[in-house]
Amino acid sequence: MGSKKKHTPKSADKPKGQQNGQSRHSDNGLKTEKKGSPPTSAQSKGQQRDKSSSCSKIWLLVAFLSVMTVGIAVVVVSPSAQSAFVTTYKTYGHEYMLQAAEYLSLDVSEFDKWIMGLTSGDQPQGANSEDPSTQTQKASPTEPRHDVQKDDGQIKNVENGSSGSTQHIQTKSVETSSGTQQESSVQKDVGIRQSNSERHDKANSVVDASSEKPIVQDIKVTTSGGDKATDSLEKDVKPLKTPRDSYAKSSITNNDDYIIRKSLDDADSLLERGVLDEALKKYDTIIATHPASPRAHSGKADTLDKMAEKQRSNELLEQSINMYSQLLNFAHVPDDLMKTTARRLADRQQFRGWGQQSAKTMKFLVDRFPDDIALQRELGVSYLMAGQNAEAKQVFSKILERYQTDGFAMVHLGFIYQTSDNDPATAIPLLQAGIESDAPGTQDGRFYFHLGSALQRQGRMAEAHKLYERGANKGLFLSADQRSLYNVNTLTGRPWWTVEQTGYQRYIKLLEDNWQVIREEGLSQLNSETGDFRPEDENLRETGEWKQLTLYAQGRKRSKICAKVPKTCGLIDQIEPANSCRRGQVKFSVMHPGVHVWPHCGPTNCRIRAHLGLVVPEGPRIRVINETRTWQEGKFILFDDSFEHEVWHDGKSVRMVLIVDFWHPELTELQRQSLTPI
Ligand code: LMR
Ligand code: MN
């Protein structure tokens with residue numbers, strides 16, 4: 001069984017079917033472009049509009065313009081006629097007014113302001129049409145709900161992880177995961193890492209109506225109350241597509257931002273073209289006059305974020321994180337913008353190393369959109385990444401209470417049962433069903449890896465092997481026997497190595513020549529009262545006592561420990577391919593009689609694991625694939641621990657070895673420097 005730490009695929013090992021994130025704007029831009037998202041009622045309306053014949057459109061426009069021109073004239077001349085105008089305005093909608101104004105070459109934003117002033121405290125139907133919550137309010141109970149999922153809660157549209165869960169649009173009583181944010185004692189890295197962009201893709205938002213839209217909502221309710229005249233007009237008129245509908249960034253633009261959209265678009269374009277200083281200035285200028293503009297704030301945060309990336313500056317990154325955070329507290333942030341912003345914030349917090357903050361951000365988002373299952377999945381992953389396994393478990397369990405067939409939740413929950421709880425019996429059916437669902441995010445080596453491991457621990461060897469074959473055929477493993485998840489695919493893989501095959505003869509000799517010195521230091525620590533040996537904590541053992549004292553990890557020397565075993569570390573300091581091996585460790589390993597280490601694979605094929613026998617009684621043995629060997633005092637055995645191996649100690653006294661991981665000899669210097677540490 002792999003260690004939690006070790007078996008952590010990085011972004012390079014992305015699950016199939018998930019791609020890198022889209023840009024913020026394409027993510028936000030048009031709901032209709034979102035794969036798998038059910039159309040909102042706004043969209044279906046838009047489609048209806050498209051279908052209206054151009055003939056009737058022209059007729060309508062002419063008729064409408066006449067009405068409007070007369071309306072404006074009357075209003076200007078006679079203030080008492082304003083209320084009549086407002087009624088007309090309400091009937092036809094804000095957007096038509098704007099369209100007409102555009103048609104007449106009026107200054108649209110001035111006109112817009114004037115209209116807004118005239119109708120202040122009121123909101124015509126059709127305004128804020130990107131707001132899903134208001135769409136929900138508008139929808140009549142008999143109107144076909146295009147956004148409703150028709151079956152019994154099964155997850156549809158899973159291609160991008162969107163769930164089509166909007167059938168629950170008005171169910172506000174859904175419990176959200178527990179708010180407890182206590183520090184978890186569970187090991188931090190449990191092998192779940194996903195870039196935020198992956199999560200974005202998986203979780204492409206579904207429309208939901210959970211956010212509060214205080215101003216608009218009430219009015220919508222009253223205007224949708226079945227005013228017959230309005231209804232028949234709406235039916236007959238087949239309204240034209242409004243400029244607002246066709247505005248590409250409609251879904252991230254609130255009413256106030258819509259008025260200043262030109263400036264915002266200009267700033268966005270600077271940002272997209274990478275003219276960051278100018279973009280920043282432009283956003284600042286907008287913010288100076290529109291301090292509550294959500295888009296200006298998000299644009300500025302994006303700009304700072306890009307600058308941080310370019311300049312590799314944590315200070316800028318933190319400024320951008322601050323800016324994103326502020327936006328969460330703004331009023332009238334369109335749902336799409338809120339989701340994108342909070343997701344980006346969570347990703348940046350994660351990147352900054354603030355995993356728990358990141359999970360809190362996702363929790364905020366889930367509380368705000370409790371019916372958005374994609375967000376719940378992301379929250380579960382965030383908890384896992386923050387090492388908050390108990391919270392993650394709760395989130396995935398809750399998803400499954402409501403969506404019994406959610407494959408994504410199943411594999412993750414199974415993963416937790418296997419790796420954290422050491423409960424293969426519970427893990428197996430979850431992992432199996434999750435993998436069989438073939439849902440996005442489920443065809444990942446980690447889940448095959450841990451399902452196989454759970455099966456092996458239940459003695460179901462043939463099933464495990466079949467699964468490993470399947471994983472290998474899918475390209476998730478190098479082979480059924482070599483199941484590391486961080487690999488350089490070109491490297492020679494063989495279970496057992498000779499010293500000559502490694503080319504590291506001189507280093508091997510140096511250590512073998514000094515094996516007794518090394519043994520003395522190891523034993524001194526084993527017997528010391530303050531002993532720094534730590535029990536193996538990677539859930540690899542079936543039985544027995546197994547302790548390790550780590551001197552180097554991820555290419556870094558542990559100076560405090562080395563001070564206690566200076567001669568050994570002095571030797572390792574002379575062995576560059578070992579002391580620089582960022583995908584390995586150097587450690588004393590002590591096994592007591594009675595140990596059985598489950599069959600398992602290491603995390604990477606980038607290292608050769610060398611064991612120097614220090615204290616070797618009769619009894620212990622190690623199997624790598626189909627060849628079992630034992631140790632000899634003062635001698636090395638070398639193997640590639642990415643292949644399946646298993647250890648037993650049937651002897652009567654402790655066995656101690658020094659484990660030294662060397663870079664795989666075929667890795668180039670550049671590769672050694674650029675590979676991520678494990
Ligand atoms: C392993 O690396 O899994 C074991 O072989 C370690 C040990 O001490 O034998
Ligand atoms: Mn091992």
# chains A, B, ... in the order shown; residues from 1 in each chain; ligands from 1
>>> residues_near_ligand(ligand="ligand 1", cutoff="9 Å", atoms="only C-alpha atoms and all ligand atoms", output="count of residues only")
32
>>> residues_around(residues="Lys557 of chain A", least_positions_apart="3", cutoff="12 Å", atoms="only C-alpha atoms", output="PyMOL selection string")
chain A and resi 550-554+560-563+565-566+568-570+572-573+576+578-582+584-587
>>> atom_distance(atom1="atom CA of Tyr283 of chain A", atom2="atom CA of Thr341 of chain A")
16.1 Å
>>> residues_around(residues="Asp423 of chain A", least_positions_apart="5", cutoff="9 Å", atoms="only C-alpha atoms", output="list of chain:residue names")
A:Gly414, A:Ile416, A:Tyr417, A:Gln418, A:Ile428, A:Ala454
>>> write_last_selection(atoms="N, CA and C atoms", output="PDB file, in the first residue's frame")
ATOM      1  N   GLY A 414     -14.568   6.180  -0.921  1.00  0.00           N
ATOM      2  CA  GLY A 414     -13.879   4.890  -0.850  1.00  0.00           C
ATOM      3  C   GLY A 414     -12.396   5.082  -0.577  1.00  0.00           C
ATOM      4  N   ILE A 416     -11.016   7.509   1.023  1.00  0.00           N
ATOM      5  CA  ILE A 416     -10.805   7.889   2.431  1.00  0.00           C
ATOM      6  C   ILE A 416     -10.941   6.659   3.338  1.00  0.00           C
ATOM      7  N   TYR A 417     -11.964   5.841   3.069  1.00  0.00           N
ATOM      8  CA  TYR A 417     -12.126   4.634   3.889  1.00  0.00           C
ATOM      9  C   TYR A 417     -10.885   3.749   3.797  1.00  0.00           C
ATOM     10  N   GLN A 418     -10.304   3.680   2.607  1.00  0.00           N
ATOM     11  CA  GLN A 418      -9.151   2.816   2.452  1.00  0.00           C
ATOM     12  C   GLN A 418      -7.887   3.421   3.064  1.00  0.00           C
ATOM     13  N   ILE A 428     -14.151  -0.987  -0.690  1.00  0.00           N
ATOM     14  CA  ILE A 428     -14.223  -1.714  -1.964  1.00  0.00           C
ATOM     15  C   ILE A 428     -15.493  -1.418  -2.772  1.00  0.00           C
ATOM     16  N   ALA A 454      -7.043  -2.572  -1.619  1.00  0.00           N
ATOM     17  CA  ALA A 454      -8.090  -3.031  -0.693  1.00  0.00           C
ATOM     18  C   ALA A 454      -8.459  -4.480  -1.002  1.00  0.00           C
TER      19      ALA A 454
END
>>> atom_distance(atom1="atom CA of Asp444 of chain A", atom2="atom CA of Tyr403 of chain A")
21.0 Å
>>> atom_distance(atom1="atom CA of Asn605 of chain A", atom2="atom CA of Tyr486 of chain A")
7.0 Å
>>> select_by_dssp(residues="segment 356-517 of chain A", states="strand (DSSP E or B)", output="list in words")
Gln482, Tyr486, Trp496 and Trp497 of chain A
>>> write_last_selection(atoms="N, CA, C and O atoms", output="PDB file, in the first residue's frame")
ATOM      1  N   GLN A 482       3.774  -2.627 -11.992  1.00  0.00           N
ATOM      2  CA  GLN A 482       4.515  -1.396 -11.661  1.00  0.00           C
ATOM      3  C   GLN A 482       3.504  -0.248 -11.628  1.00  0.00           C
ATOM      4  O   GLN A 482       3.175   0.335 -12.657  1.00  0.00           O
ATOM      5  N   TYR A 486       3.788   8.605 -10.278  1.00  0.00           N
ATOM      6  CA  TYR A 486       4.635   9.723 -10.738  1.00  0.00           C
ATOM      7  C   TYR A 486       5.785   9.150 -11.521  1.00  0.00           C
ATOM      8  O   TYR A 486       6.784   8.711 -10.932  1.00  0.00           O
ATOM      9  N   TRP A 496      14.533  -5.975  -9.825  1.00  0.00           N
ATOM     10  CA  TRP A 496      15.801  -6.052  -9.085  1.00  0.00           C
ATOM     11  C   TRP A 496      16.925  -5.499  -9.933  1.00  0.00           C
ATOM     12  O   TRP A 496      16.980  -5.732 -11.133  1.00  0.00           O
ATOM     13  N   TRP A 497      17.830  -4.749  -9.297  1.00  0.00           N
ATOM     14  CA  TRP A 497      18.959  -4.144 -10.005  1.00  0.00           C
ATOM     15  C   TRP A 497      20.263  -4.690  -9.417  1.00  0.00           C
ATOM     16  O   TRP A 497      20.346  -4.982  -8.222  1.00  0.00           O
TER      17      TRP A 497
END
>>> residues_around(residues="Tyr448 of chain A", least_positions_apart="4", cutoff="9 Å", atoms="only C-alpha atoms", output="PyMOL selection string")
chain A and resi 431-432+435+443-444+452-453+467-468+470-471+476
>>> residues_around(residues="Leu478 of chain A", least_positions_apart="6", cutoff="9 Å", atoms="only C-alpha atoms", output="ChimeraX atom specification")
/A:471-472,484-485,487,489
>>> write_last_selection(atoms="all heavy atoms", output="short mmCIF file (atom, residue, chain, number, x, y, z; two decimals), in the first residue's frame")
data_model
loop_
_atom_site.label_atom_id
_atom_site.label_comp_id
_atom_site.auth_asym_id
_atom_site.auth_seq_id
_atom_site.Cartn_x
_atom_site.Cartn_y
_atom_site.Cartn_z
N GLY A 471 -6.20 -1.19 -15.29
CA GLY A 471 -5.57 0.12 -15.09
C GLY A 471 -4.39 0.31 -16.03
O GLY A 471 -4.20 1.38 -16.60
N ALA A 472 -3.62 -0.75 -16.20
CA ALA A 472 -2.45 -0.66 -17.09
C ALA A 472 -2.92 -0.47 -18.53
O ALA A 472 -2.35 0.35 -19.27
CB ALA A 472 -1.60 -1.92 -16.95
N SER A 484 3.40 2.72 -9.80
CA SER A 484 3.70 4.07 -9.33
C SER A 484 2.91 5.07 -10.17
O SER A 484 2.58 4.79 -11.32
CB SER A 484 5.20 4.33 -9.49
OG SER A 484 5.62 3.91 -10.77
N LEU A 485 2.65 6.23 -9.58
CA LEU A 485 1.81 7.20 -10.29
C LEU A 485 2.57 8.45 -10.74
O LEU A 485 2.07 9.25 -11.49
CB LEU A 485 0.62 7.60 -9.41
CG LEU A 485 -0.35 6.44 -9.10
CD1 LEU A 485 -1.38 6.85 -8.08
CD2 LEU A 485 -1.02 5.92 -10.37
N ASN A 487 5.63 9.18 -12.81
CA ASN A 487 6.60 8.44 -13.61
C ASN A 487 7.23 9.27 -14.70
O ASN A 487 6.62 10.20 -15.21
CB ASN A 487 5.91 7.24 -14.24
CG ASN A 487 5.30 6.32 -13.19
OD1 ASN A 487 5.95 5.98 -12.21
ND2 ASN A 487 4.06 5.95 -13.39
N ASN A 489 8.20 8.14 -18.22
CA ASN A 489 7.84 6.90 -18.92
C ASN A 489 8.99 6.23 -19.68
O ASN A 489 8.90 5.05 -20.02
CB ASN A 489 6.69 7.16 -19.89
CG ASN A 489 5.41 7.46 -19.13
OD1 ASN A 489 5.34 7.29 -17.91
ND2 ASN A 489 4.41 7.95 -19.85
#
>>> closest_residue(among="A:Thr405, A:Ser298, A:Ser437, A:Asn514", to="Gly634 of chain A", atoms="only C-alpha atoms")
A:Asn514
>>> closest_residue(among="A:Asp421, A:Glu538, A:Glu391, A:Glu666", to="ligand 2", atoms="only C-alpha atoms and all ligand atoms")
A:Glu538
>>> closest_residue(among="A:Pro440, A:Gly475, A:Pro603, A:Gly434", to="ligand 2", atoms="only C-alpha atoms and all ligand atoms")
A:Pro603
>>> closest_residue(among="A:Leu240, A:Val616, A:Ser653, A:Arg541", to="ligand 2", atoms="only C-alpha atoms and all ligand atoms")
A:Arg541
>>> select_by_dssp(residues="segment 292-394 of chain A", states="helix (DSSP H, G or I)", output="number ranges by chain")
A: 294-311, 314-328, 335-351, 355-368, 373-385, 389-394
>>> closest_residue(among="A:Met338, A:Leu304, A:Ile608, A:Leu276", to="ligand 2", atoms="only C-alpha atoms and all ligand atoms")
A:Ile608
>>> closest_residue(among="A:Val595, A:Leu270, A:Val654, A:Leu571", to="Pro617 of chain A", atoms="only C-alpha atoms")
A:Val654
>>> residues_around(residues="Glu520 of chain A", least_positions_apart="3", cutoff="10 Å", atoms="only C-alpha atoms", output="list in words")
Trp515, Gln516, Val517, Leu523, Ser524, Gln525, Leu526, Val565, Lys567, Thr568 and Leu614 of chain A
>>> decode(residues="segment 539-588 of chain A", atoms="N, CA and C atoms", output="compact mmCIF listing (two decimals), in the first residue's frame")
# COMPACT_ATOMS: atom_id res chain seq x y z
N ASN A 539 0.08 3.25 6.69
CA ASN A 539 -0.95 2.23 6.54
C ASN A 539 -0.49 1.11 5.61
N LEU A 540 0.76 0.70 5.79
CA LEU A 540 1.30 -0.33 4.91
C LEU A 540 1.35 -1.71 5.57
N ARG A 541 1.22 -1.74 6.88
CA ARG A 541 1.44 -3.01 7.59
C ARG A 541 0.15 -3.74 7.89
N GLU A 542 0.23 -5.04 7.82
CA GLU A 542 -0.87 -5.82 8.37
C GLU A 542 -0.62 -6.02 9.87
N THR A 543 0.62 -6.40 10.20
CA THR A 543 0.96 -6.69 11.60
C THR A 543 2.37 -6.22 11.92
N GLY A 544 2.65 -6.13 13.21
CA GLY A 544 4.03 -5.97 13.69
C GLY A 544 4.47 -4.54 13.85
N GLU A 545 5.69 -4.42 14.38
CA GLU A 545 6.25 -3.11 14.69
C GLU A 545 7.33 -2.78 13.67
N TRP A 546 7.23 -1.59 13.10
CA TRP A 546 8.17 -1.18 12.06
C TRP A 546 8.41 0.31 12.23
N LYS A 547 9.68 0.67 12.47
CA LYS A 547 10.00 2.08 12.75
C LYS A 547 11.07 2.59 11.81
N GLN A 548 11.05 3.88 11.60
CA GLN A 548 12.04 4.48 10.70
C GLN A 548 12.60 5.77 11.28
N LEU A 549 13.86 6.04 10.93
CA LEU A 549 14.48 7.31 11.31
C LEU A 549 14.98 7.96 10.02
N THR A 550 14.35 9.05 9.65
CA THR A 550 14.62 9.66 8.34
C THR A 550 15.70 10.72 8.43
N LEU A 551 16.74 10.57 7.63
CA LEU A 551 17.87 11.50 7.64
C LEU A 551 17.79 12.54 6.52
N TYR A 552 17.28 12.10 5.39
CA TYR A 552 17.10 12.98 4.22
C TYR A 552 15.72 12.67 3.65
N ALA A 553 15.05 13.73 3.22
CA ALA A 553 13.77 13.52 2.55
C ALA A 553 13.62 14.57 1.47
N GLN A 554 13.17 14.15 0.34
CA GLN A 554 12.96 15.05 -0.81
C GLN A 554 14.22 15.86 -1.14
N GLY A 555 15.35 15.22 -0.99
CA GLY A 555 16.60 15.90 -1.34
C GLY A 555 17.08 16.88 -0.29
N ARG A 556 16.44 16.88 0.87
CA ARG A 556 16.86 17.80 1.93
C ARG A 556 17.34 17.04 3.15
N LYS A 557 18.45 17.55 3.67
CA LYS A 557 19.05 16.94 4.84
C LYS A 557 18.30 17.40 6.08
N ARG A 558 18.04 16.47 6.99
CA ARG A 558 17.41 16.87 8.26
C ARG A 558 18.52 17.08 9.27
N SER A 559 18.88 18.33 9.41
CA SER A 559 20.10 18.64 10.16
C SER A 559 20.02 18.18 11.61
N LYS A 560 18.85 18.34 12.22
CA LYS A 560 18.73 17.97 13.63
C LYS A 560 18.97 16.48 13.82
N ILE A 561 18.42 15.70 12.95
CA ILE A 561 18.59 14.25 13.04
C ILE A 561 20.03 13.89 12.69
N CYS A 562 20.53 14.55 11.64
CA CYS A 562 21.89 14.25 11.20
C CYS A 562 22.92 14.55 12.29
N ALA A 563 22.61 15.54 13.13
CA ALA A 563 23.53 15.86 14.22
C ALA A 563 23.70 14.66 15.15
N LYS A 564 22.70 13.80 15.17
CA LYS A 564 22.76 12.62 16.04
C LYS A 564 23.44 11.43 15.38
N VAL A 565 23.49 11.45 14.06
CA VAL A 565 24.17 10.36 13.33
C VAL A 565 25.11 10.99 12.29
N PRO A 566 26.08 11.78 12.78
CA PRO A 566 26.86 12.63 11.87
C PRO A 566 27.70 11.87 10.87
N LYS A 567 28.20 10.70 11.28
CA LYS A 567 29.09 9.99 10.34
C LYS A 567 28.29 9.46 9.15
N THR A 568 27.13 8.93 9.45
CA THR A 568 26.29 8.41 8.37
C THR A 568 25.93 9.54 7.40
N CYS A 569 25.52 10.67 7.97
CA CYS A 569 25.15 11.79 7.10
C CYS A 569 26.37 12.34 6.35
N GLY A 570 27.52 12.29 7.02
CA GLY A 570 28.75 12.72 6.36
C GLY A 570 29.02 11.88 5.12
N LEU A 571 28.72 10.60 5.21
CA LEU A 571 28.91 9.73 4.05
C LEU A 571 27.88 10.05 2.95
N ILE A 572 26.64 10.20 3.38
CA ILE A 572 25.58 10.50 2.38
C ILE A 572 25.86 11.83 1.69
N ASP A 573 26.45 12.76 2.44
CA ASP A 573 26.78 14.06 1.84
C ASP A 573 27.72 13.92 0.64
N GLN A 574 28.45 12.83 0.63
CA GLN A 574 29.38 12.62 -0.50
C GLN A 574 28.70 11.91 -1.68
N ILE A 575 27.44 11.58 -1.51
CA ILE A 575 26.76 10.78 -2.55
C ILE A 575 25.66 11.62 -3.19
N GLU A 576 26.07 12.35 -4.19
CA GLU A 576 25.15 13.32 -4.79
C GLU A 576 23.84 12.70 -5.30
N PRO A 577 23.86 11.59 -6.02
CA PRO A 577 22.59 11.06 -6.54
C PRO A 577 21.64 10.58 -5.44
N ALA A 578 22.14 10.48 -4.21
CA ALA A 578 21.25 10.11 -3.10
C ALA A 578 20.85 11.36 -2.31
N ASN A 579 21.84 12.22 -1.99
CA ASN A 579 21.47 13.36 -1.15
C ASN A 579 20.66 14.41 -1.91
N SER A 580 20.67 14.32 -3.24
CA SER A 580 19.88 15.28 -4.03
C SER A 580 18.59 14.64 -4.55
N CYS A 581 18.33 13.40 -4.14
CA CYS A 581 17.19 12.70 -4.71
C CYS A 581 15.88 13.21 -4.11
N ARG A 582 15.27 14.13 -4.83
CA ARG A 582 14.05 14.75 -4.30
C ARG A 582 12.83 13.85 -4.39
N ARG A 583 13.02 12.71 -4.99
CA ARG A 583 11.92 11.74 -5.01
C ARG A 583 12.26 10.53 -4.14
N GLY A 584 12.87 10.78 -3.02
CA GLY A 584 13.21 9.66 -2.17
C GLY A 584 13.68 10.10 -0.81
N GLN A 585 14.18 9.15 -0.05
CA GLN A 585 14.66 9.43 1.31
C GLN A 585 15.93 8.61 1.58
N VAL A 586 16.57 8.99 2.69
CA VAL A 586 17.59 8.13 3.30
C VAL A 586 17.12 7.89 4.72
N LYS A 587 17.03 6.62 5.14
CA LYS A 587 16.47 6.37 6.48
C LYS A 587 16.91 5.02 7.03
N PHE A 588 17.01 4.97 8.35
CA PHE A 588 17.16 3.68 9.01
C PHE A 588 15.77 3.05 9.11
